[in-house]
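S.K.: For reference, this is work17.cif, and it has mmCIF, C-alpha atoms.
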data_query
loop_
_atom_site.label_atom_id
_atom_site.label_comp_id
_atom_site.auth_asym_id
_atom_site.auth_seq_id
_atom_site.Cartn_x
_atom_site.Cartn_y
_atom_site.Cartn_z
CA MET C 1 -67.95 -5.96 -49.93
CA ALA C 2 -69.21 -9.18 -48.36
CA ALA C 3 -72.06 -9.29 -50.89
CA LEU C 4 -69.55 -9.12 -53.76
CA ILE C 5 -67.51 -11.94 -52.25
CA ASP C 6 -70.66 -14.02 -51.75
CA TYR C 7 -71.62 -13.38 -55.38
CA LYS C 8 -68.19 -14.45 -56.63
CA ILE C 9 -68.25 -17.59 -54.50
CA ASP C 10 -71.75 -18.36 -55.77
CA SER C 11 -70.72 -17.99 -59.40
CA VAL C 12 -67.55 -20.08 -59.02
CA LEU C 13 -69.40 -22.91 -57.29
CA GLU C 14 -72.29 -22.71 -59.74
CA ARG C 15 -69.89 -22.92 -62.68
CA GLU C 16 -68.04 -25.89 -61.15
CA VAL C 17 -71.29 -27.75 -60.45
CA ARG C 18 -72.46 -27.09 -64.01
CA ASN C 19 -69.16 -28.30 -65.49
CA ILE C 20 -69.13 -31.47 -63.42
CA VAL C 21 -72.75 -32.26 -64.28
CA GLU C 22 -72.06 -31.71 -67.99
CA GLU C 23 -69.09 -34.07 -67.84
CA ILE C 24 -71.15 -36.72 -66.06
CA VAL C 25 -73.92 -36.40 -68.64
CA PHE C 26 -71.36 -36.82 -71.45
CA ILE C 27 -69.96 -39.93 -69.76
CA ASP C 28 -73.44 -41.40 -69.31
CA LYS C 29 -74.23 -40.83 -72.99
CA ARG C 30 -70.94 -42.39 -74.05
CA LEU C 31 -71.49 -45.40 -71.77
CA ALA C 32 -74.90 -45.94 -73.39
CA GLU C 33 -73.29 -45.96 -76.85
CA LEU C 34 -70.63 -48.56 -76.06
CA GLY C 35 -71.04 -52.21 -76.95
CA ASP C 36 -69.61 -55.41 -75.52
CA GLY C 37 -66.32 -55.62 -77.41
CA ASP C 38 -62.96 -55.71 -75.63
CA GLU C 39 -62.12 -52.09 -76.46
CA ASP C 40 -65.59 -50.95 -75.43
CA MET C 41 -65.30 -52.80 -72.13
CA ALA C 42 -61.93 -51.15 -71.43
CA GLU C 43 -63.41 -47.73 -72.20
CA LYS C 44 -66.39 -48.48 -69.94
CA ILE C 45 -64.05 -49.24 -67.05
CA VAL C 46 -62.17 -45.97 -67.49
CA LEU C 47 -65.38 -43.96 -67.90
CA ARG C 48 -66.96 -45.48 -64.80
CA ILE C 49 -63.86 -44.64 -62.76
CA LEU C 50 -63.91 -41.07 -64.07
CA ARG C 51 -67.65 -40.80 -63.35
CA ARG C 52 -67.12 -41.99 -59.77
CA HIS C 53 -64.47 -39.32 -59.23
CA LEU C 54 -66.70 -36.61 -60.69
CA VAL C 55 -69.62 -37.65 -58.47
CA SER C 56 -67.23 -37.55 -55.51
CA ASP C 57 -66.19 -34.01 -56.49
CA LEU C 58 -69.84 -33.05 -56.72
CA ARG C 59 -70.43 -34.44 -53.23
CA GLU C 60 -67.53 -32.36 -51.91
CA ILE C 61 -68.99 -29.21 -53.43
CA ALA C 62 -72.39 -30.10 -51.97
CA GLY C 63 -70.83 -30.25 -48.51
CA PHE C 64 -68.85 -27.02 -48.88
CA THR C 65 -69.70 -24.11 -46.62
CA GLY C 66 -67.59 -21.02 -47.21
CA GLU C 67 -66.18 -18.80 -44.51
CA TYR C 68 -68.62 -16.06 -45.50
CA GLY C 69 -71.66 -18.16 -44.74
CA TYR C 70 -72.27 -19.39 -48.27
CA ASP C 71 -73.99 -22.73 -48.29
CA SER C 72 -73.93 -24.43 -51.69
CA ARG C 73 -75.55 -27.64 -50.53
CA VAL C 74 -78.98 -26.85 -51.96
CA GLU C 75 -77.86 -26.18 -55.55
CA ALA C 76 -75.17 -28.84 -55.62
CA SER C 77 -77.43 -31.48 -54.12
CA ARG C 78 -80.03 -30.78 -56.82
CA ALA C 79 -77.34 -31.30 -59.45
CA TYR C 80 -76.07 -34.38 -57.64
CA ALA C 81 -79.57 -35.86 -57.48
CA SER C 82 -79.97 -35.38 -61.22
CA VAL C 83 -76.85 -37.43 -62.05
CA GLU C 84 -76.73 -40.05 -59.30
CA THR C 85 -77.73 -43.51 -60.46
#
Step by step, read the file and then write its structure as C-alpha cells.

M.R.:
Amino acid sequence: MAALIDYKIDSVLEREVRNIVEEIVFIDKRLAELGDGDEDMAEKIVLRILRRHLVSDLREIAGFTGEYGYDSRVEASRAYASVET
C-alpha cells in the first residue's frame, strides 16, 4: 500500500514539475519574441512576474518531502536548474 501511495505522489509531483517547466519555457520563448514597443514592454512585465511565481512554485516543490518519505528534491532541482537564469 505504501508503494502505491509513493508511486501516486511521484507521478503527481512529476506532472506538476513538468507543467511548470513547460510554462516557463513558453514564457521564455515569448519574452525572446517581444520587441521594445509599449505593448511589448507591458507584456514583458507581466510575463516576468508570472515567471518569477512559477520559479517560486518550482522551488517549493523541490523542497517538498512527503510524509511517506518521498523526496522530490532531486528531480525538481534538475528541472529548476534547467529553467533558472

S.K.: Which distance in Å separates CA of Glu16 (chain C) and CA of Ile61 (chain C), to one decimal?

M.R.: 8.5 Å

S.K.: Just the number, please: distance in Å from CA of Arg15 (chain C) to CA of Gly63 (chain C), one decimal.

M.R.: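 Pair CA of Arg15 (chain C) / CA of Gly63 (chain C) returns 16.0 Å.
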
S.K.: Give as a PDB file with C-alpha atoms, in the frame of the given file the residues that the PyMOL selection byres ((chain C and resi 48-53) around 12) matches when applied to the coordinates above.

M.R.:
ATOM      1  CA  ILE C  20     -69.130 -31.470 -63.420  1.00  0.00           C
ATOM      2  CA  VAL C  21     -72.750 -32.260 -64.280  1.00  0.00           C
ATOM      3  CA  GLU C  22     -72.060 -31.710 -67.990  1.00  0.00           C
ATOM      4  CA  GLU C  23     -69.090 -34.070 -67.840  1.00  0.00           C
ATOM      5  CA  ILE C  24     -71.150 -36.720 -66.060  1.00  0.00           C
ATOM      6  CA  VAL C  25     -73.920 -36.400 -68.640  1.00  0.00           C
ATOM      7  CA  PHE C  26     -71.360 -36.820 -71.450  1.00  0.00           C
ATOM      8  CA  ILE C  27     -69.960 -39.930 -69.760  1.00  0.00           C
ATOM      9  CA  ASP C  28     -73.440 -41.400 -69.310  1.00  0.00           C
ATOM     10  CA  LYS C  29     -74.230 -40.830 -72.990  1.00  0.00           C
ATOM     11  CA  ARG C  30     -70.940 -42.390 -74.050  1.00  0.00           C
ATOM     12  CA  LEU C  31     -71.490 -45.400 -71.770  1.00  0.00           C
ATOM     13  CA  ALA C  32     -74.900 -45.940 -73.390  1.00  0.00           C
ATOM     14  CA  MET C  41     -65.300 -52.800 -72.130  1.00  0.00           C
ATOM     15  CA  ALA C  42     -61.930 -51.150 -71.430  1.00  0.00           C
ATOM     16  CA  GLU C  43     -63.410 -47.730 -72.200  1.00  0.00           C
ATOM     17  CA  LYS C  44     -66.390 -48.480 -69.940  1.00  0.00           C
ATOM     18  CA  ILE C  45     -64.050 -49.240 -67.050  1.00  0.00           C
ATOM     19  CA  VAL C  46     -62.170 -45.970 -67.490  1.00  0.00           C
ATOM     20  CA  LEU C  47     -65.380 -43.960 -67.900  1.00  0.00           C
ATOM     21  CA  LEU C  54     -66.700 -36.610 -60.690  1.00  0.00           C
ATOM     22  CA  VAL C  55     -69.620 -37.650 -58.470  1.00  0.00           C
ATOM     23  CA  SER C  56     -67.230 -37.550 -55.510  1.00  0.00           C
ATOM     24  CA  ASP C  57     -66.190 -34.010 -56.490  1.00  0.00           C
ATOM     25  CA  LEU C  58     -69.840 -33.050 -56.720  1.00  0.00           C
ATOM     26  CA  ARG C  59     -70.430 -34.440 -53.230  1.00  0.00           C
ATOM     27  CA  GLU C  60     -67.530 -32.360 -51.910  1.00  0.00           C
ATOM     28  CA  TYR C  80     -76.070 -34.380 -57.640  1.00  0.00           C
ATOM     29  CA  VAL C  83     -76.850 -37.430 -62.050  1.00  0.00           C
ATOM     30  CA  GLU C  84     -76.730 -40.050 -59.300  1.00  0.00           C
ATOM     31  CA  THR C  85     -77.730 -43.510 -60.460  1.00  0.00           C
TER      32      THR C  85
END

S.K.: Which value, in Å to one decimal, gives the distance between CA of Asp6 (chain C) and CA of Ala62 (chain C)?

M.R.: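 These two atoms are separated by 16.2 Å.
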